[in-house]
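Undergrad: Contents of target18.cif (mmCIF, C-alpha atoms):
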```
data_input
#
loop_
_atom_site.label_atom_id
_atom_site.label_comp_id
_atom_site.auth_asym_id
_atom_site.auth_seq_id
_atom_site.Cartn_x
_atom_site.Cartn_y
_atom_site.Cartn_z
CA GLN A 12 278.10 117.71 -5.80
CA PRO A 13 277.67 116.78 -2.15
CA PRO A 14 274.54 118.10 -0.46
CA ALA A 15 274.88 121.25 1.57
CA PRO A 16 275.24 120.68 5.30
CA PRO A 17 272.05 121.18 7.27
CA GLU A 18 271.45 124.54 8.87
CA PRO A 19 272.42 124.54 12.54
CA GLU A 20 269.43 124.42 14.88
CA VAL A 21 268.94 127.72 16.65
CA ARG A 22 267.33 127.48 20.07
CA ARG A 23 265.11 130.50 20.64
CA THR A 24 264.10 131.69 24.08
CA ALA A 25 261.13 133.74 25.13
CA PRO A 26 261.75 137.47 25.60
CA LYS A 27 262.44 138.59 29.13
CA PRO A 28 259.06 139.14 30.78
CA SER A 29 258.06 142.46 32.28
CA MET A 30 256.46 140.53 35.11
CA ILE A 31 256.43 137.02 36.56
CA THR A 32 253.31 135.95 38.42
CA PHE A 33 252.53 132.89 40.51
CA ASP A 34 249.39 131.06 41.44
CA ALA A 35 249.23 130.93 45.23
CA LEU A 36 247.59 127.67 46.20
CA SER A 37 249.84 124.63 45.71
CA THR A 38 252.50 126.75 43.97
CA LEU A 39 253.56 129.06 46.80
CA ILE A 40 251.45 127.99 49.78
CA GLU A 41 249.45 125.01 50.97
CA PRO A 42 247.33 124.19 54.05
CA SER A 43 249.57 123.52 57.02
CA VAL A 44 247.69 120.26 57.61
CA ALA A 45 245.11 118.45 55.49
CA ILE A 46 241.77 120.24 55.13
CA GLY A 47 239.83 117.24 56.40
CA LEU A 48 242.00 117.06 59.48
CA TRP A 49 241.50 120.76 60.22
CA TYR A 50 237.72 120.36 60.06
CA ARG A 51 237.72 117.18 62.13
CA GLU A 52 240.03 118.47 64.84
CA THR A 53 238.14 121.77 65.13
CA LEU A 54 234.87 119.95 65.72
CA LEU A 55 236.58 117.61 68.17
CA LYS A 56 237.91 120.62 70.07
CA HIS A 57 234.46 122.23 70.22
CA CYS A 58 233.10 118.96 71.62
CA ASP A 59 235.73 118.97 74.39
CA TYR A 60 237.39 115.92 72.84
CA ASN A 61 234.61 113.70 74.20
CA VAL A 62 233.29 112.29 70.92
CA ARG A 63 234.41 109.76 68.31
CA LEU A 64 234.40 111.29 64.86
CA PRO A 65 234.78 109.85 61.33
CA ARG A 66 238.14 109.87 59.61
CA PRO A 67 239.49 113.14 58.16
CA ALA A 68 238.87 111.76 54.66
CA GLU A 69 235.12 111.92 55.29
CA PHE A 70 235.36 115.60 56.19
CA ARG A 71 237.49 116.29 53.13
CA LYS A 72 235.02 114.54 50.85
CA SER A 73 232.17 116.62 52.25
CA PHE A 74 234.26 119.81 52.03
CA ASP A 75 235.08 119.22 48.36
CA ALA A 76 231.41 118.68 47.52
CA ALA A 77 230.34 121.80 49.45
CA PHE A 78 233.12 123.95 47.98
CA ASN A 79 232.38 122.87 44.40
CA ARG A 80 228.65 123.47 44.76
CA GLN A 81 229.23 126.92 46.22
CA THR A 82 231.75 127.79 43.52
CA ASP A 83 229.36 126.75 40.77
CA GLU A 84 226.46 128.73 42.25
CA PHE A 85 228.38 131.77 43.50
CA PRO A 86 231.68 132.15 41.59
CA CYS A 87 234.59 134.26 42.81
CA PHE A 88 233.71 133.68 46.46
CA GLY A 89 230.40 135.43 46.07
CA ALA A 90 231.70 138.56 44.34
CA LEU A 91 229.36 138.05 41.40
CA GLY A 92 226.30 137.61 43.61
CA ASN A 93 226.63 140.50 46.04
CA MET A 94 227.66 138.02 48.76
CA SER A 95 230.47 138.64 51.22
CA SER A 96 233.26 136.10 51.34
CA GLU A 97 232.40 135.59 55.02
CA GLN A 98 228.88 134.50 54.11
CA TRP A 99 230.24 132.42 51.23
CA TRP A 100 232.55 130.49 53.53
CA TYR A 101 229.99 130.22 56.33
CA GLU A 102 227.75 128.26 53.98
CA VAL A 103 230.65 126.02 52.93
CA VAL A 104 231.59 125.30 56.55
CA CYS A 105 227.99 124.51 57.49
CA ALA A 106 227.46 122.28 54.45
CA THR A 107 230.74 120.46 55.14
CA TYR A 108 229.79 119.48 58.67
CA GLU A 109 226.19 118.72 57.76
CA GLY A 110 227.40 116.43 54.99
CA VAL A 111 229.36 114.17 57.32
CA ASP A 112 227.58 111.26 59.00
CA LEU A 113 228.32 111.94 62.66
CA GLY A 114 226.04 109.17 63.89
CA ASP A 115 224.93 109.58 67.50
CA GLU A 116 228.15 111.27 68.57
CA VAL A 117 226.99 114.82 67.77
CA ALA A 118 223.24 115.44 67.70
CA ALA A 119 221.90 117.57 64.85
CA GLU A 120 220.70 120.23 67.30
CA THR A 121 224.09 120.32 69.00
CA LEU A 122 225.87 120.67 65.67
CA GLN A 123 223.66 123.60 64.66
CA GLU A 124 224.55 125.36 67.91
CA LYS A 125 228.24 124.85 67.31
CA LEU A 126 228.36 125.87 63.64
CA PRO A 127 228.88 129.64 64.23
CA GLY A 128 231.83 128.95 66.53
CA LEU A 129 233.30 126.38 64.17
CA TYR A 130 233.09 128.87 61.33
CA GLN A 131 234.64 131.69 63.36
CA GLU A 132 237.64 129.57 64.27
CA LEU A 133 238.22 128.13 60.81
CA TYR A 134 237.70 131.35 58.86
CA TYR A 135 239.44 133.83 61.14
CA ASP A 136 241.78 131.95 63.48
CA VAL A 137 243.03 129.25 61.12
CA PHE A 138 242.74 130.07 57.43
CA ALA A 139 243.23 133.83 57.76
CA THR A 140 246.53 133.36 59.60
CA GLU A 141 249.86 131.62 59.27
CA GLU A 142 248.50 128.81 61.46
CA GLY A 143 246.50 127.42 58.59
CA TRP A 144 249.10 127.79 55.83
CA SER A 145 252.71 126.95 55.10
CA LEU A 146 255.12 127.85 52.32
CA LEU A 147 256.08 125.20 49.84
CA GLU A 148 259.67 124.07 49.75
CA ASP A 149 261.97 126.57 48.01
CA ALA A 150 259.16 129.10 47.55
CA GLU A 151 260.81 131.81 49.63
CA TYR A 152 264.27 131.08 48.20
CA THR A 153 262.93 131.41 44.65
CA LEU A 154 261.09 134.64 45.44
CA GLU A 155 264.16 136.09 47.14
CA LYS A 156 266.32 135.41 44.09
CA LEU A 157 263.74 136.83 41.69
CA ALA A 158 263.32 139.92 43.87
CA ASP A 159 267.08 140.43 43.83
CA TRP A 160 267.03 140.20 40.04
CA ARG A 161 264.23 142.77 39.93
CA ASP A 162 265.84 145.18 42.40
CA ASN A 163 269.46 144.92 41.31
CA GLY A 164 269.46 143.57 37.78
CA ASN A 165 266.55 145.22 36.00
CA GLY A 166 264.53 142.05 36.28
CA PRO A 167 260.76 141.63 35.98
CA LEU A 168 258.18 142.69 38.52
CA LEU A 169 256.61 139.97 40.66
CA GLY A 170 252.96 139.22 41.25
CA VAL A 171 250.33 136.71 42.29
CA ILE A 172 247.22 135.70 40.33
CA SER A 173 245.05 133.30 42.27
CA SER A 174 241.48 132.12 42.70
CA PHE A 175 241.35 133.22 46.31
CA ASP A 176 239.46 135.65 48.52
CA GLU A 177 240.63 138.95 50.00
CA ARG A 178 242.57 137.27 52.83
CA LEU A 179 245.41 136.28 50.49
CA PRO A 180 247.59 139.44 50.77
CA SER A 181 247.47 139.24 54.56
CA ILE A 182 248.28 135.53 54.51
CA LEU A 183 251.31 136.13 52.30
CA ASN A 184 252.46 138.90 54.64
CA ARG A 185 252.06 136.67 57.68
CA LEU A 186 254.14 133.99 55.97
CA GLY A 187 256.87 136.54 55.27
CA VAL A 188 256.68 136.63 51.46
CA GLY A 189 254.20 139.43 50.80
CA LYS A 190 257.09 141.89 50.62
CA TYR A 191 258.31 140.33 47.40
CA PHE A 192 255.24 141.11 45.31
CA ASP A 193 254.39 144.23 43.35
CA VAL A 194 250.77 143.15 42.85
CA VAL A 195 248.44 140.48 44.23
CA VAL A 196 245.30 139.75 42.21
CA THR A 197 242.51 137.59 43.63
CA SER A 198 239.41 136.31 41.88
CA ARG A 199 237.30 137.92 44.60
CA GLU A 200 238.82 141.33 43.80
CA VAL A 201 238.62 141.25 39.99
CA LYS A 202 235.49 139.06 39.76
CA HIS A 203 237.20 136.68 37.36
CA GLU A 204 238.77 133.30 38.07
CA THR A 205 241.65 131.84 36.11
CA PRO A 206 241.82 130.97 33.26
CA ALA A 207 239.91 134.19 32.46
CA VAL A 208 242.13 136.62 30.55
CA GLU A 209 240.76 139.49 32.66
CA ALA A 210 242.62 138.18 35.72
CA PHE A 211 245.95 138.31 33.88
CA THR A 212 245.26 141.75 32.44
CA ALA A 213 244.37 143.02 35.91
CA ALA A 214 247.77 141.91 37.17
CA LEU A 215 249.61 143.84 34.47
CA THR A 216 247.63 147.04 34.88
CA GLY A 217 247.69 146.71 38.67
CA ALA A 218 251.48 146.68 38.52
CA GLY A 219 251.53 149.77 36.31
CA LEU A 220 252.39 147.89 33.12
CA HIS A 221 250.75 148.01 29.71
CA SER A 222 248.05 145.39 29.24
CA THR A 223 250.03 143.78 26.42
CA ALA A 224 253.43 143.72 28.15
CA PRO A 225 255.26 140.36 27.94
CA ALA A 226 254.74 138.32 31.09
CA CYS A 227 255.11 134.82 32.50
CA HIS A 228 252.81 132.90 34.85
CA VAL A 229 253.88 130.00 37.07
CA GLY A 230 251.41 127.44 38.35
CA ARG A 231 250.52 123.79 38.78
CA SER A 232 247.38 123.50 36.64
CA VAL A 233 247.23 123.22 32.87
CA GLY A 234 243.50 123.94 32.86
CA THR A 235 243.71 127.23 34.77
CA ASP A 236 247.30 128.49 34.96
CA VAL A 237 248.64 127.42 31.58
CA ALA A 238 245.37 127.84 29.68
CA GLY A 239 244.85 131.34 31.10
CA ALA A 240 248.41 132.44 30.42
CA VAL A 241 248.30 131.15 26.84
CA ALA A 242 244.95 132.83 26.20
CA ALA A 243 246.39 136.11 27.51
CA GLY A 244 249.44 135.81 25.25
CA TRP A 245 251.78 135.09 28.15
CA THR A 246 254.51 132.53 28.58
CA SER A 247 253.77 129.88 31.20
CA ILE A 248 255.71 127.50 33.43
CA LEU A 249 254.07 124.31 34.66
CA VAL A 250 255.62 123.53 38.03
CA ASP A 251 254.27 120.00 38.38
CA PRO A 252 253.92 118.15 35.05
CA ASP A 253 252.18 115.23 36.77
CA SER A 254 249.10 117.42 37.19
CA ILE A 255 248.54 117.29 33.45
CA GLN A 256 247.15 113.79 33.79
CA HIS A 257 244.18 115.09 35.80
CA ILE A 258 243.17 118.00 33.59
CA ARG A 259 239.75 118.37 31.97
CA TRP A 260 240.49 120.42 28.89
CA PRO A 261 238.32 123.45 28.01
CA GLU A 262 235.74 122.83 25.31
CA GLU A 263 236.83 125.92 23.39
CA PRO A 264 240.26 125.83 21.72
CA ILE A 265 242.93 127.91 23.40
CA PRO A 266 244.59 130.57 21.21
CA GLU A 267 248.11 129.68 20.21
CA LEU A 268 251.14 131.62 21.34
CA VAL A 269 252.52 134.15 18.89
CA ASP A 270 255.69 132.09 18.82
CA PRO A 271 254.83 128.45 19.53
CA ASP A 272 258.47 127.44 19.11
CA GLU A 273 259.58 128.98 22.38
CA ALA A 274 262.40 127.32 24.25
CA ILE A 275 261.87 123.84 25.60
CA SER A 276 264.59 121.74 27.13
CA ASP A 277 265.23 118.19 26.02
CA HIS A 278 264.30 117.07 29.52
CA TRP A 279 260.77 118.45 29.21
CA ARG A 280 260.35 117.27 25.63
CA ASP A 281 261.32 113.73 26.59
CA TYR A 282 259.02 113.84 29.60
CA TYR A 283 255.96 114.87 27.65
CA ALA A 284 256.75 112.38 24.90
CA GLY A 285 256.11 109.66 27.46
CA LEU A 286 252.63 110.83 28.40
CA LYS A 287 249.54 109.18 27.00
CA SER A 288 248.68 110.17 23.43
CA ASP A 289 245.50 112.10 24.17
CA VAL A 290 247.36 114.42 26.52
CA ASP A 291 250.04 114.93 23.87
CA LYS A 292 247.37 115.90 21.37
CA ALA A 293 245.77 118.28 23.85
CA LEU A 294 249.10 119.99 24.45
CA GLU A 295 249.72 120.31 20.74
CA SER A 296 246.30 121.86 20.14
CA THR A 297 246.94 124.60 22.69
CA GLY A 298 250.33 125.62 21.33
CA PHE A 299 251.70 125.35 24.90
CA ARG A 300 255.38 124.71 25.30
CA PRO A 301 256.77 124.35 28.82
CA ILE A 302 260.00 126.15 29.61
CA THR A 303 262.42 126.02 32.49
CA VAL A 304 263.03 128.68 35.08
CA GLY A 305 266.48 129.12 33.57
CA ASP A 306 264.92 130.17 30.28
CA ILE A 307 263.23 133.23 31.76
CA THR A 308 266.32 134.37 33.59
CA GLN A 309 268.57 134.39 30.53
#
```
Translate this structure into structure tokens?
TA:
Amino acid sequence: QPPAPPEPEVRRTAPKPSMITFDALSTLIEPSVAIGLWYRETLLKHCDYNVRLPRPAEFRKSFDAAFNRQTDEFPCFGALGNMSSEQWWYEVVCATYEGVDLGDEVAAETLQEKLPGLYQELYYDVFATEEGWSLLEDAEYTLEKLADWRDNGNGPLLGVISSFDERLPSILNRLGVGKYFDVVVTSREVKHETPAVEAFTAALTGAGLHSTAPACHVGRSVGTDVAGAVAAGWTSILVDPDSIQHIRWPEEPIPELVDPDEAISDHWRDYYAGLKSDVDKALESTGFRPITVGDITQ
């Protein structure tokens, strides 16, 4: 007797989410010009363009070091240490400029005199406004389509979950996309940074949904966006798979999804199959399965 034919493969998709959230930085918005260039040009302006300054890369290197130190010591932009975000950023700005070797072009005393003005311009005039930020390509188009689905097709609510300070809602409004969101959650507000589950729960409850409602988070980082979404029991979409090669995985194992066999296109499966073996093993241990935007709209 011939063997029975194999059972046809059934491709399962994740349930329609009650809400779709996005990380802000590098998923929806990005600095309008490089951070190092902003810092260099602002100092040059405050010196009446009469000095020769190091390359923008030197300012960016110093900024990264200052930002990381401040984040480690005072997480959530100072929210956990009774520090205002203004004070938090003032210290980052000062440390950034003080960490750059300006030679004889700008004396130490002169720099100290200029620091308050440099901070005021960068914090309020640049990075609190649309001057300092720009939307990523297709961000507004995507949000417009999702909002139409929500408003006219019983689609999911829309939100933002981001490690950002309280300026984020205003920035999104100034860029013309704040109107699309039902909730915007910042780490400064909830005192938790992604991948903390509390940030994801705050988004659901802030939108008037049950804390266990099905949801999907979109971002560019496996270590924060994907790991946090998986830990919260959400579905996740990794916008830029290349970022997986730069991830430092959490020491604690990430809880697996209830259904680890959620939809994954052949394109994504083939892509990840080509990554180095240790990354493949890390993905497998988390239970993470990337899906396409089309999956969540079905």
Undergrad: Suppose you want the space between CA of Val250 (chain A) and CA of Leu147 (chain A); what is it in Å?
TA: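 Taking CA of Val250 (chain A) and CA of Leu147 (chain A), their separation equals 11.9 Å.
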Undergrad: What is the distance between CA of Pro127 (chain A) and CA of Val104 (chain A), in Å to one decimal?
TA: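 Computed distance, CA of Pro127 (chain A) to CA of Val104 (chain A), equals 9.2 Å.
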Undergrad: Between A:Tyr60, A:Phe192, A:Tyr135, A:Phe33, which one has atoms that come closest to Gly230 (chain A), using all atoms listed in the file?
TA: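 Going through A:Tyr60, A:Phe192, A:Tyr135, A:Phe33 one by one, the smallest distance to Gly230 (chain A) is for A:Phe33.
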Undergrad: As a ChimeraX atom specification, please: the residues near region 72-88 of chain A (cut-off 12 Å, all atoms listed in the file, same-chain neighbours under 5 positions excluded).
TA: /A:45-51,65-67,93-112,173-178,197-205,207,210
Undergrad: So how many Å separate CA of Glu155 (chain A) and CA of Tyr191 (chain A), to one decimal?
TA: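 Distance between the two atoms: 7.2 Å.
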Undergrad: My list of candidates is A:Ala218, A:Val229, A:Thr212, A:Tyr152. Which is closest to Gly244 (chain A) when distances are computed with all atoms listed in the file?
TA: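 Answer, going by the shortest atom-to-atom distance: A:Thr212.
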Undergrad: If you take every atom of region 233-239 of chain A that the file lists and fit an axis-aligned box around them with 8 Å extra on each side, what centre and edge lengths come out in Å to one decimal, as JSON?
TA:
```
{"center_x": 246.1, "center_y": 127.3, "center_z": 32.3, "size_x": 21.1, "size_y": 24.1, "size_z": 21.3}
```
Undergrad: Could you please give me, as a PDB file with C-alpha atoms, keeping the file's coordinate frame, the residues of protein, DNA or RNA lying at most 6 Å from (247.6, 139.8, 41.9) in the coordinate frame of the file, considering only C-alpha atoms?
TA:
```pdb
ATOM      1  CA  GLY A 170     252.960 139.220  41.250  1.00  0.00           C
ATOM      2  CA  VAL A 171     250.330 136.710  42.290  1.00  0.00           C
ATOM      3  CA  ILE A 172     247.220 135.700  40.330  1.00  0.00           C
ATOM      4  CA  VAL A 194     250.770 143.150  42.850  1.00  0.00           C
ATOM      5  CA  VAL A 195     248.440 140.480  44.230  1.00  0.00           C
ATOM      6  CA  VAL A 196     245.300 139.750  42.210  1.00  0.00           C
ATOM      7  CA  THR A 197     242.510 137.590  43.630  1.00  0.00           C
ATOM      8  CA  ALA A 214     247.770 141.910  37.170  1.00  0.00           C
TER       9      ALA A 214
END
```
Undergrad: Determine the nearest neighbour of Thr223 (chain A) from the options A:Glu132, A:Asp236, A:Glu151, A:Glu209, counting all atoms listed in the file.
TA: A:Glu209
Undergrad: Give as a CSV table (one decimal) with C-alpha atoms, in the frame of the given file the set of residues within 12 Å of the point (238.9, 120.6, 68.0), where distances use the file's coordinates and all atoms listed in the file.
TA:
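Writing the result to selection06.csv gives the following:
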```
chain,number,residue,atom,x,y,z
A,48,LEU,CA,242.0,117.1,59.5
A,49,TRP,CA,241.5,120.8,60.2
A,50,TYR,CA,237.7,120.4,60.1
A,51,ARG,CA,237.7,117.2,62.1
A,52,GLU,CA,240.0,118.5,64.8
A,53,THR,CA,238.1,121.8,65.1
A,54,LEU,CA,234.9,120.0,65.7
A,55,LEU,CA,236.6,117.6,68.2
A,56,LYS,CA,237.9,120.6,70.1
A,57,HIS,CA,234.5,122.2,70.2
A,58,CYS,CA,233.1,119.0,71.6
A,59,ASP,CA,235.7,119.0,74.4
A,60,TYR,CA,237.4,115.9,72.8
A,61,ASN,CA,234.6,113.7,74.2
A,62,VAL,CA,233.3,112.3,70.9
A,63,ARG,CA,234.4,109.8,68.3
A,64,LEU,CA,234.4,111.3,64.9
A,125,LYS,CA,228.2,124.8,67.3
A,128,GLY,CA,231.8,129.0,66.5
A,129,LEU,CA,233.3,126.4,64.2
A,132,GLU,CA,237.6,129.6,64.3
A,133,LEU,CA,238.2,128.1,60.8
A,137,VAL,CA,243.0,129.2,61.1
```
